[in-house]
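Heads up, run27.tsv below (TSV, C-alpha atoms and all ligand atoms):
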```tsv
chain	number	residue	atom	x	y	z
A	184	MET	CA	102.26	111.24	73.82
A	185	HIS	CA	105.70	112.78	73.68
A	186	LEU	CA	108.08	111.53	76.38
A	187	ALA	CA	110.80	114.05	75.58
A	188	ARG	CA	108.63	116.74	77.19
A	189	PHE	CA	109.42	115.29	80.62
A	190	PRO	CA	112.67	116.09	82.47
A	191	ARG	CA	115.04	113.13	82.32
A	192	VAL	CA	118.63	112.40	83.31
A	193	SER	CA	120.75	109.69	81.76
A	194	LEU	CA	121.64	106.91	84.23
A	195	GLY	CA	121.60	103.67	82.24
A	196	HIS	CA	122.74	101.97	79.03
A	197	PHE	CA	119.79	102.02	76.64
A	198	PRO	CA	118.40	100.35	74.64
A	199	THR	CA	118.92	97.18	76.65
A	200	PRO	CA	119.44	94.06	74.50
A	201	LEU	CA	116.51	91.92	73.36
A	202	GLU	CA	117.87	88.40	72.96
A	203	PRO	CA	116.44	84.95	72.14
A	204	LEU	CA	116.53	82.31	74.90
A	205	ASN	CA	117.11	79.43	72.49
A	206	ASN	CA	118.19	76.81	75.01
A	207	LEU	CA	115.25	77.42	77.34
A	208	SER	CA	112.78	77.57	74.43
A	209	LYS	CA	114.09	74.24	73.16
A	210	LEU	CA	114.05	72.67	76.61
A	211	LEU	CA	110.40	73.64	77.10
A	212	GLY	CA	109.38	72.82	73.51
A	213	GLY	CA	108.24	76.33	72.49
A	214	PRO	CA	106.98	79.10	72.36
A	215	GLN	CA	109.98	81.18	71.32
A	216	ILE	CA	111.11	82.99	74.47
A	217	TRP	CA	112.98	86.29	74.25
A	218	ILE	CA	114.56	88.16	77.11
A	219	LYS	CA	114.69	91.94	77.47
A	220	ARG	CA	117.86	92.54	79.45
A	221	ASP	CA	116.81	95.25	81.89
A	222	ASP	CA	119.17	93.55	84.33
A	223	ALA	CA	121.83	95.12	82.10
A	224	THR	CA	120.84	98.78	82.55
A	225	GLY	CA	124.33	99.26	83.92
A	226	LEU	CA	123.68	101.29	87.08
A	227	ALA	CA	125.61	99.61	89.93
A	228	SER	CA	124.63	96.10	88.73
A	229	GLY	CA	121.48	97.26	86.98
A	230	GLY	CA	117.79	96.51	87.16
A	231	ASN	CA	114.39	97.96	86.34
A	232	LYS	CA	114.49	100.87	88.78
A	233	THR	CA	117.12	102.61	86.64
A	234	ARG	CA	114.50	103.52	84.01
A	235	LYS	CA	112.17	105.01	86.63
A	236	LEU	CA	115.00	106.91	88.31
A	237	GLU	CA	115.92	108.69	85.06
A	238	PHE	CA	112.60	110.55	85.40
A	239	LEU	CA	112.34	110.66	89.21
A	240	LEU	CA	115.80	112.05	89.86
A	241	ALA	CA	115.37	114.57	87.03
A	242	ASP	CA	112.24	115.75	88.83
A	243	ALA	CA	114.22	115.96	92.09
A	244	LEU	CA	116.84	118.17	90.39
A	245	GLU	CA	114.10	120.31	88.86
A	246	LYS	CA	112.69	120.81	92.38
A	247	ASN	CA	116.14	121.76	93.65
A	248	ALA	CA	116.39	118.87	96.11
A	249	ASP	CA	119.68	118.21	97.90
A	250	VAL	CA	118.85	114.87	99.50
A	251	ILE	CA	116.89	111.83	98.28
A	252	ILE	CA	114.90	109.67	100.68
A	253	THR	CA	113.54	106.28	99.72
A	254	GLN	CA	112.54	102.95	101.27
A	255	GLY	CA	112.42	99.25	100.57
A	256	ALA	CA	112.80	95.78	102.03
A	257	THR	CA	116.21	94.90	103.48
A	258	GLN	CA	117.46	93.46	100.15
A	259	SER	CA	115.83	96.20	98.05
A	260	ASN	CA	117.19	96.57	94.52
A	261	HIS	CA	115.31	99.86	94.28
A	262	VAL	CA	117.16	101.34	97.24
A	263	ARG	CA	120.53	100.27	95.80
A	264	GLN	CA	119.82	101.81	92.37
A	265	THR	CA	118.42	105.00	93.92
A	266	ILE	CA	121.57	105.49	95.98
A	267	ALA	CA	123.72	104.86	92.89
A	268	GLY	CA	121.71	107.34	90.79
A	269	ALA	CA	121.90	109.96	93.54
A	270	ALA	CA	125.67	109.46	93.76
A	271	ARG	CA	125.97	110.07	90.01
A	272	LEU	CA	124.05	113.35	90.37
A	273	GLY	CA	125.88	114.56	93.48
A	274	LEU	CA	122.88	114.17	95.76
A	275	LYS	CA	122.88	112.64	99.23
A	276	ALA	CA	120.76	109.50	99.64
A	277	LYS	CA	119.05	108.23	102.79
A	278	ALA	CA	117.31	104.88	102.97
A	279	LEU	CA	114.75	103.41	105.35
A	280	LEU	CA	114.74	99.63	105.23
A	281	GLU	CA	111.91	97.33	106.31
A	282	LYS	CA	112.52	93.87	107.80
A	283	ARG	CA	109.79	92.46	105.57
A	284	VAL	CA	111.32	89.00	105.27
A	285	SER	CA	111.96	86.54	108.08
A	286	ASP	CA	115.62	86.14	108.74
A	287	PHE	CA	117.81	84.34	106.21
A	288	GLY	CA	120.82	84.89	108.42
A	289	ASP	CA	123.72	87.26	108.42
A	290	ASP	CA	124.14	87.45	104.65
A	291	TYR	CA	120.54	88.59	104.24
A	292	GLN	CA	121.06	91.39	106.78
A	293	HIS	CA	124.45	92.62	105.60
A	294	ASN	CA	125.50	91.24	102.22
A	295	GLY	CA	124.11	91.71	98.69
A	296	ASN	CA	122.22	94.95	98.19
A	297	VAL	CA	122.79	96.08	101.79
A	298	LEU	CA	126.55	95.93	101.33
A	299	LEU	CA	126.26	97.93	98.10
A	300	ASP	CA	123.94	100.55	99.66
A	301	THR	CA	126.68	101.83	101.92
A	302	LEU	CA	129.50	101.20	99.43
A	303	LEU	CA	127.67	103.56	97.06
A	304	GLY	CA	127.59	106.25	99.74
A	305	GLY	CA	124.02	105.87	100.94
A	306	GLU	CA	123.05	106.07	104.57
A	307	ILE	CA	120.68	103.51	106.06
A	308	VAL	CA	118.97	105.72	108.61
A	309	ALA	CA	116.61	103.08	109.98
A	310	HIS	CA	115.92	99.34	109.73
A	311	LEU	CA	112.30	99.11	110.80
A	312	PRO	CA	110.11	96.12	111.72
A	313	GLY	CA	108.03	94.39	109.02
A	314	GLY	CA	104.61	95.97	108.59
A	315	THR	CA	105.76	99.53	109.40
A	316	ASP	CA	103.98	102.28	107.43
A	317	MET	CA	107.10	103.09	105.42
A	318	GLN	CA	105.61	106.01	103.45
A	319	GLN	CA	104.66	107.68	106.75
A	320	ALA	CA	108.11	106.95	108.18
A	321	MET	CA	109.69	108.66	105.17
A	322	GLU	CA	107.44	111.72	105.49
A	323	THR	CA	108.32	112.06	109.18
A	324	TYR	CA	112.01	111.76	108.39
A	325	ALA	CA	111.67	114.30	105.56
A	326	ASP	CA	110.15	116.78	108.05
A	327	THR	CA	113.15	116.32	110.33
A	328	LEU	CA	115.53	117.03	107.46
A	329	ARG	CA	113.54	120.11	106.43
A	330	GLU	CA	113.79	121.45	109.99
A	331	GLN	CA	117.57	121.10	109.61
A	332	GLY	CA	117.47	123.23	106.46
A	333	HIS	CA	117.64	120.46	103.84
A	334	ARG	CA	115.52	120.06	100.73
A	335	PRO	CA	114.50	116.38	100.69
A	336	TYR	CA	112.83	114.61	97.76
A	337	VAL	CA	110.88	111.50	98.74
A	338	ILE	CA	110.73	108.60	96.27
A	339	PRO	CA	108.04	106.01	97.07
A	340	GLY	CA	108.89	102.31	97.40
A	341	GLY	CA	109.91	100.85	94.05
A	342	GLY	CA	109.82	104.33	92.49
A	343	SER	CA	106.23	103.55	91.59
A	344	ASN	CA	104.32	106.76	90.93
A	345	PRO	CA	103.31	108.29	87.57
A	346	ILE	CA	106.70	109.99	87.08
A	347	GLY	CA	108.59	106.76	87.77
A	348	ALA	CA	106.25	104.75	85.55
A	349	LEU	CA	107.31	106.95	82.61
A	350	GLY	CA	110.48	104.84	82.63
A	351	TYR	CA	108.46	101.82	81.55
A	352	VAL	CA	106.49	103.85	79.03
A	353	ALA	CA	109.92	104.45	77.51
A	354	CYS	CA	110.61	100.70	77.69
A	355	ALA	CA	107.37	99.97	75.78
A	356	GLU	CA	108.51	102.38	73.05
A	357	GLU	CA	111.95	100.76	73.04
A	358	LEU	CA	110.43	97.26	72.69
A	359	LEU	CA	108.21	98.36	69.81
A	360	TYR	CA	111.21	99.88	68.04
A	361	GLN	CA	113.26	96.70	68.54
A	362	SER	CA	110.36	94.52	67.42
A	363	SER	CA	110.12	96.36	64.13
A	364	GLN	CA	113.92	96.33	63.70
A	365	HIS	CA	114.08	92.55	64.26
A	366	ARG	CA	110.71	92.03	62.49
A	367	LEU	CA	109.63	90.29	65.64
A	368	ARG	CA	105.90	90.12	66.37
A	369	ILE	CA	105.61	90.31	70.16
A	370	ASP	CA	102.64	88.22	71.23
A	371	HIS	CA	103.10	88.51	75.00
A	372	VAL	CA	105.22	90.40	77.51
A	373	VAL	CA	105.73	88.71	80.88
A	374	HIS	CA	107.55	90.02	83.96
A	375	ALA	CA	107.55	90.04	87.77
A	376	THR	CA	105.28	92.68	89.30
A	377	GLY	CA	105.61	94.15	92.79
A	378	SER	CA	105.16	97.86	93.50
A	379	THR	CA	103.42	98.09	90.07
A	380	GLY	CA	105.40	100.82	88.26
A	381	THR	CA	106.88	98.45	85.71
A	382	GLN	CA	103.60	96.94	84.57
A	383	ALA	CA	101.72	100.25	84.81
A	384	GLY	CA	104.29	101.97	82.60
A	385	LEU	CA	104.27	99.14	80.04
A	386	VAL	CA	100.47	99.04	79.90
A	387	ALA	CA	100.32	102.84	79.57
A	388	GLY	CA	102.96	102.79	76.84
A	389	PHE	CA	101.36	100.00	74.82
A	390	THR	CA	97.94	101.66	75.24
A	391	ALA	CA	99.15	105.12	74.23
A	392	THR	CA	100.78	103.65	71.10
A	393	ASN	CA	97.68	101.57	70.35
A	394	SER	CA	99.92	98.52	69.91
A	395	ARG	CA	97.83	96.12	71.96
A	396	VAL	CA	100.70	94.00	73.22
A	397	PRO	CA	99.31	92.02	76.18
A	398	VAL	CA	101.32	92.28	79.39
A	399	LEU	CA	101.17	89.60	82.08
A	400	GLY	CA	102.50	90.49	85.52
A	401	ILE	CA	103.54	87.62	87.75
A	402	SER	CA	102.88	88.86	91.28
A	403	VAL	CA	105.59	88.50	93.91
A	404	ARG	CA	103.38	89.57	96.80
A	405	ALA	CA	99.77	90.76	96.48
A	406	PRO	CA	96.73	88.64	95.48
A	407	LYS	CA	95.56	88.91	91.86
A	408	VAL	CA	92.66	91.38	92.10
A	409	LYS	CA	94.48	93.71	94.49
A	410	GLN	CA	97.59	93.71	92.29
A	411	GLU	CA	95.54	94.35	89.14
A	412	ASP	CA	93.63	97.20	90.80
A	413	ASN	CA	96.88	98.81	91.93
A	414	VAL	CA	98.44	98.48	88.48
A	415	TRP	CA	95.27	99.82	86.80
A	416	ASN	CA	95.24	102.85	89.12
A	417	LEU	CA	98.84	103.76	88.42
A	418	ALA	CA	98.55	103.05	84.67
A	419	SER	CA	95.50	105.35	84.51
A	420	LYS	CA	97.35	108.14	86.32
A	421	THR	CA	100.34	107.65	84.05
A	422	LEU	CA	98.16	107.96	80.93
A	423	ALA	CA	96.70	111.17	82.38
A	424	LEU	CA	100.21	112.53	82.98
A	425	LEU	CA	101.00	111.71	79.34
A	426	GLY	CA	97.89	113.58	78.21
A	427	VAL	CA	96.27	110.48	76.75
A	428	SER	CA	92.49	110.73	77.04
A	429	GLY	CA	89.95	107.98	77.56
A	430	GLU	CA	89.51	105.42	80.31
A	431	LEU	CA	91.92	102.49	80.43
A	432	PRO	CA	89.91	99.26	80.11
A	433	ARG	CA	90.19	97.26	83.33
A	434	ASP	CA	90.92	94.10	81.32
A	435	ALA	CA	94.09	95.68	79.90
A	436	VAL	CA	95.67	94.80	83.25
A	437	VAL	CA	96.31	91.12	83.96
A	438	ALA	CA	98.25	89.72	86.90
A	439	ASN	CA	98.74	86.15	88.08
A	440	SER	CA	99.38	85.52	91.77
A	441	ASP	CA	99.74	81.73	91.63
A	442	TYR	CA	103.51	81.83	92.11
A	443	VAL	CA	103.85	83.98	95.26
A	444	GLY	CA	104.23	80.91	97.51
A	445	ASP	CA	104.61	81.71	101.21
A	446	GLY	CA	105.10	85.43	100.62
A	447	TYR	CA	107.34	88.27	99.53
A	448	GLY	CA	111.02	87.38	99.43
A	449	LEU	CA	110.42	83.69	100.12
A	450	PRO	CA	111.55	81.57	97.17
A	451	THR	CA	109.39	78.56	96.21
A	452	ALA	CA	110.63	75.28	94.68
A	453	GLY	CA	109.58	76.73	91.31
A	454	THR	CA	111.57	79.91	91.98
A	455	LEU	CA	114.71	77.90	92.66
A	456	GLU	CA	114.12	75.71	89.59
A	457	ALA	CA	113.78	78.79	87.35
A	458	LEU	CA	116.89	80.32	88.90
A	459	THR	CA	119.04	77.25	88.26
A	460	LEU	CA	117.56	76.55	84.77
A	461	LEU	CA	118.47	80.04	83.56
A	462	ALA	CA	121.87	79.91	85.24
A	463	ARG	CA	122.82	76.49	83.88
A	464	HIS	CA	121.25	76.61	80.40
A	465	GLU	CA	121.55	80.28	79.49
A	466	GLY	CA	124.30	81.63	81.77
A	467	ILE	CA	121.85	84.25	83.05
A	468	LEU	CA	121.48	85.20	86.72
A	469	LEU	CA	117.94	85.80	87.95
A	470	ASP	CA	117.12	86.79	91.54
A	471	PRO	CA	115.21	84.86	94.23
A	472	VAL	CA	112.68	87.62	95.07
A	473	TYR	CA	111.41	88.86	91.71
A	474	SER	CA	112.78	87.73	88.38
A	475	ALA	CA	113.02	84.01	89.23
A	476	LYS	CA	109.45	84.08	90.59
A	477	GLY	CA	108.32	85.73	87.37
A	478	MET	CA	110.25	83.19	85.31
A	479	ALA	CA	108.82	80.33	87.40
A	480	GLY	CA	105.36	81.59	86.43
A	481	LEU	CA	106.29	81.79	82.76
A	482	ILE	CA	107.79	78.28	82.79
A	483	ASP	CA	104.75	76.79	84.52
A	484	LEU	CA	102.31	78.53	82.16
A	485	ILE	CA	104.30	77.20	79.18
A	486	ARG	CA	104.10	73.67	80.61
A	487	GLN	CA	100.34	74.12	81.03
A	488	GLY	CA	100.04	75.03	77.34
A	489	HIS	CA	99.06	78.66	78.01
A	490	PHE	CA	100.97	79.89	74.91
A	491	ARG	CA	100.92	78.62	71.31
A	492	LYS	CA	104.16	77.09	70.04
A	493	ASP	CA	104.49	79.67	67.25
A	494	GLU	CA	104.14	82.65	69.59
A	495	ASN	CA	106.90	85.03	70.66
A	496	VAL	CA	106.99	85.72	74.39
A	497	VAL	CA	109.22	88.47	75.73
A	498	PHE	CA	110.28	88.06	79.36
A	499	ILE	CA	111.55	91.26	80.91
A	500	HIS	CA	114.52	90.54	83.13
A	501	THR	CA	114.02	93.19	85.78
A	502	GLY	CA	117.39	92.54	87.48
A	503	GLY	CA	118.14	91.77	91.11
A	504	SER	CA	121.19	89.52	90.91
A	505	ALA	CA	122.94	91.58	93.62
A	506	GLY	CA	120.36	90.10	95.99
A	507	LEU	CA	121.69	86.58	95.34
A	508	PHE	CA	124.49	87.22	97.82
A	509	GLY	CA	121.94	87.92	100.54
A	510	TYR	CA	120.45	84.46	99.98
A	511	ARG	CA	123.59	82.36	100.35
A	512	GLN	CA	121.93	80.20	103.01
A	513	VAL	CA	119.19	79.20	100.53
A	514	LEU	CA	121.27	79.02	97.36
A	515	GLU	CA	124.50	77.29	98.29
A	516	HIS	CA	122.89	73.84	98.19
A	517	VAL	CA	120.58	74.07	95.16
A	601	LIG	C1	111.32	96.16	91.91
A	601	LIG	C2	111.58	94.95	91.14
A	601	LIG	C3	110.56	94.32	90.37
A	601	LIG	C4	109.14	94.76	90.40
A	601	LIG	O1	108.91	95.95	89.67
A	601	LIG	P1	107.74	96.91	90.15
A	601	LIG	O2	107.83	98.07	89.24
A	601	LIG	O3	108.03	97.23	91.59
A	601	LIG	O4	106.46	96.17	90.02
A	601	LIG	C5	110.89	93.23	89.62
A	601	LIG	N1	112.14	92.74	89.62
A	601	LIG	C6	113.13	93.29	90.34
A	601	LIG	C7	114.47	92.64	90.30
A	601	LIG	C8	112.89	94.41	91.13
A	601	LIG	O5	113.88	94.94	91.86
```

Is it possible to express this structure as structure tokens?
Amino acid sequence: MHLARFPRVSLGHFPTPLEPLNNLSKLLGGPQIWIKRDDATGLASGGNKTRKLEFLLADALEKNADVIITQGATQSNHVRQTIAGAARLGLKAKALLEKRVSDFGDDYQHNGNVLLDTLLGGEIVAHLPGGTDMQQAMETYADTLREQGHRPYVIPGGGSNPIGALGYVACAEELLYQSSQHRLRIDHVVHATGSTGTQAGLVAGFTATNSRVPVLGISVRAPKVKQEDNVWNLASKTLALLGVSGELPRDAVVANSDYVGDGYGLPTAGTLEALTLLARHEGILLDPVYSAKGMAGLIDLIRQGHFRKDENVVFIHTGGSAGLFGYRQVLEHV
């Protein structure tokens, strides 16, 4: 594979740091935990969507688009980063939000990512009920814009299609480069998985480089088999886009859905414990929807003895701290 063959714009600060979490590792009694700081990609408070958008928005420019349409839950980090990336490139950005989470009050509706969406110049064109077919709603809206003479480019939720997943193929390459620089043998990569582009890109990247680094996705929403099937599908399409032949083994994709709790966007006791542990022992802000759920899974698996003490586990911090301000009601008393 040769990633430089794909159109790409520069939106983030890369490589992101790979740092040891010494306090947390000590507290849990091993393995050695490392954190890949994709919360520090630098685009309007950062996060994992920045990597995907470097390829997606380059494709939009290539196709001569003048307006970007995307969608997400009310407190979507993807929507915020998409609007920021579009602003950088001089493109208009329109967002459709879905009320996927039961109400956490006024802050959830208006603060955090929602506040930043409009500050960054995006327009929230609709705030639709939970369960709406959001892809269909975007297509319908795109037709309306086309009738008005615009050239819309539609980015799926989470930026998760083969072009977006290239961003995490690039992250796999970056991790391998850092691992050889630091002489760090990476035994496991763990992160929160939702719309699947992050895990699909990592699996495709580690497969294409024949590096066999196992990736464990901690699901924030879907049950295990469904999540794994979705990741496998996108990883396979991403490998095809890269021109890598051969079928991706189904067992290259592993997800764990034991930490979802009551559903998407609803923090569990474990989520809140992970959030406060990282804040108070490492000075690192996770988020209540994704990264703290992923970290809660990692912490619990460590306590269960899932990893050997001499192993190196890299947790990818996928960002989301802007969403903390939408969860004031939940967080002010933890
Ligand atoms: C979107 C998101 C994820 C999940 O990544 P996917 O590629 O959608 O699976 C994880 N963490 C944060 C903070 C996110 O915004």

Using all atoms listed in the file, can you tell me which of A:Ile252, A:Leu449, A:Ile338, A:Cys354 comes closest to Arg234 (chain A)?
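Ranked by minimum distance to Arg234 (chain A), first place goes to A:Cys354.
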
Give the residue list for ligand LIG 601 (chain A) at 7 Å, counting all atoms listed in the file, as a list in words, sorted by chain and then by residue number.
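Sorted by chain and then by number, the residues are Gly230, Asn231, Lys232, Ser259, Asn260, His261, Gly341, Ser343, Ala375, Thr376, Gly377, Ser378, Thr379, Gly380, Thr381, Gln382, Asp470, Tyr473, Ser474, Thr501, Gly502 and Gly503 of chain A.
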
When you look at Leu358 (chain A) with a cut-off of 10 Å (counting all atoms listed in the file), what residues show up, excluding the ones that are within fewer than 2 positions of it in the same chain? I need them as a PDB file with C-alpha atoms, keeping the file's coordinate frame.
```pdb
ATOM      1  CA  PRO A 198     118.400 100.350  74.640  1.00  0.00           C
ATOM      2  CA  THR A 199     118.920  97.180  76.650  1.00  0.00           C
ATOM      3  CA  PRO A 200     119.440  94.060  74.500  1.00  0.00           C
ATOM      4  CA  LEU A 201     116.510  91.920  73.360  1.00  0.00           C
ATOM      5  CA  LYS A 219     114.690  91.940  77.470  1.00  0.00           C
ATOM      6  CA  VAL A 352     106.490 103.850  79.030  1.00  0.00           C
ATOM      7  CA  ALA A 353     109.920 104.450  77.510  1.00  0.00           C
ATOM      8  CA  CYS A 354     110.610 100.700  77.690  1.00  0.00           C
ATOM      9  CA  ALA A 355     107.370  99.970  75.780  1.00  0.00           C
ATOM     10  CA  GLU A 356     108.510 102.380  73.050  1.00  0.00           C
ATOM     11  CA  TYR A 360     111.210  99.880  68.040  1.00  0.00           C
ATOM     12  CA  GLN A 361     113.260  96.700  68.540  1.00  0.00           C
ATOM     13  CA  SER A 362     110.360  94.520  67.420  1.00  0.00           C
ATOM     14  CA  SER A 363     110.120  96.360  64.130  1.00  0.00           C
ATOM     15  CA  GLN A 364     113.920  96.330  63.700  1.00  0.00           C
ATOM     16  CA  LEU A 367     109.630  90.290  65.640  1.00  0.00           C
ATOM     17  CA  ILE A 369     105.610  90.310  70.160  1.00  0.00           C
ATOM     18  CA  VAL A 372     105.220  90.400  77.510  1.00  0.00           C
ATOM     19  CA  LEU A 385     104.270  99.140  80.040  1.00  0.00           C
ATOM     20  CA  PHE A 389     101.360 100.000  74.820  1.00  0.00           C
ATOM     21  CA  VAL A 497     109.220  88.470  75.730  1.00  0.00           C
TER      22      VAL A 497
END
```

Using all atoms listed in the file and a cutoff of 12 Å, can you tell me which residues are near (88.8, 100.2, 80.4) in the file's coordinates, and write them out as a ChimeraX atom specification?
/A:386-387,390,412,415-416,418-419,428-436

To one decimal place, how far is CA of Glu494 (chain A) from CA of Gly212 (chain A) in Å?
11.8 Å

Please, what is the axis-aligned box for every listed atom of region 480-492 of chain A with 3 Å on each side, as centre and edge lengths in Å to one decimal, as lines of an AutoDock Vina configuration file?
```
center_x = 103.4
center_y = 77.7
center_z = 78.2
size_x = 14.7
size_y = 14.1
size_z = 22.4
```

Pick out the closest residue to Asp370 (chain A) from this set: A:Arg486, A:Arg191, A:His500, A:Arg395. Count all atoms listed in the file.
A:Arg395

Of the candidates A:Gln254, A:Ala391, A:Arg220, A:Asp300, which one gets nearest to Gly426 (chain A) if we count only C-alpha atoms?
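Counting only C-alpha atoms, the residue closest to Gly426 (chain A) is A:Ala391.
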
At most 7 Å from (102.3, 85.4, 94.0), file frame, all atoms listed in the file: which residues, as a CSV table (one decimal) with C-alpha atoms, keeping the file's coordinate frame?
```csv
chain,number,residue,atom,x,y,z
A,401,ILE,CA,103.5,87.6,87.8
A,402,SER,CA,102.9,88.9,91.3
A,403,VAL,CA,105.6,88.5,93.9
A,404,ARG,CA,103.4,89.6,96.8
A,405,ALA,CA,99.8,90.8,96.5
A,406,PRO,CA,96.7,88.6,95.5
A,439,ASN,CA,98.7,86.2,88.1
A,440,SER,CA,99.4,85.5,91.8
A,441,ASP,CA,99.7,81.7,91.6
A,442,TYR,CA,103.5,81.8,92.1
A,443,VAL,CA,103.8,84.0,95.3
A,444,GLY,CA,104.2,80.9,97.5
```

Of the residues A:Leu359, A:Leu461, A:Ala269, A:Val262, which is the one nearest to Asp249 (chain A), using all atoms listed in the file?
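Smallest distance to Asp249 (chain A) is found for A:Ala269.
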
For Tyr510 (chain A), the closest of A:Gln292, A:Gln264, A:Thr392, A:Ser228 counting only C-alpha atoms is A:Gln292

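Coordinates place CA of Val337 (chain A) at a distance of 7.6 Å from CA of Glu322 (chain A).
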
Calculate how many Å separate CA of Phe238 (chain A) from CA of Gln258 (chain A), rounding to one decimal.
23.1 Å

Nearest to Lys275 (chain A) among A:Val414, A:Ala320, A:Leu328, A:Val297, with distances taken over all atoms listed in the file: which residue is it?
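Once distances to Lys275 (chain A) are computed over all atoms listed in the file, the minimum belongs to A:Leu328.
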
I'd like the contact shell of Val192 (chain A) - 9 Å cut-off, all atoms listed in the file, skipping same-chain residues fewer than 6 positions apart - returned as a ChimeraX atom specification.
/A:236-241,272

Write a file of the selected residues as a PDB file, in the coordinates of the input, keeping C-alpha atoms.
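And here's result.pdb as it stands now:
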```pdb
ATOM      1  CA  LEU A 236     115.000 106.910  88.310  1.00  0.00           C
ATOM      2  CA  GLU A 237     115.920 108.690  85.060  1.00  0.00           C
ATOM      3  CA  PHE A 238     112.600 110.550  85.400  1.00  0.00           C
ATOM      4  CA  LEU A 239     112.340 110.660  89.210  1.00  0.00           C
ATOM      5  CA  LEU A 240     115.800 112.050  89.860  1.00  0.00           C
ATOM      6  CA  ALA A 241     115.370 114.570  87.030  1.00  0.00           C
ATOM      7  CA  LEU A 272     124.050 113.350  90.370  1.00  0.00           C
TER       8      LEU A 272
END
```
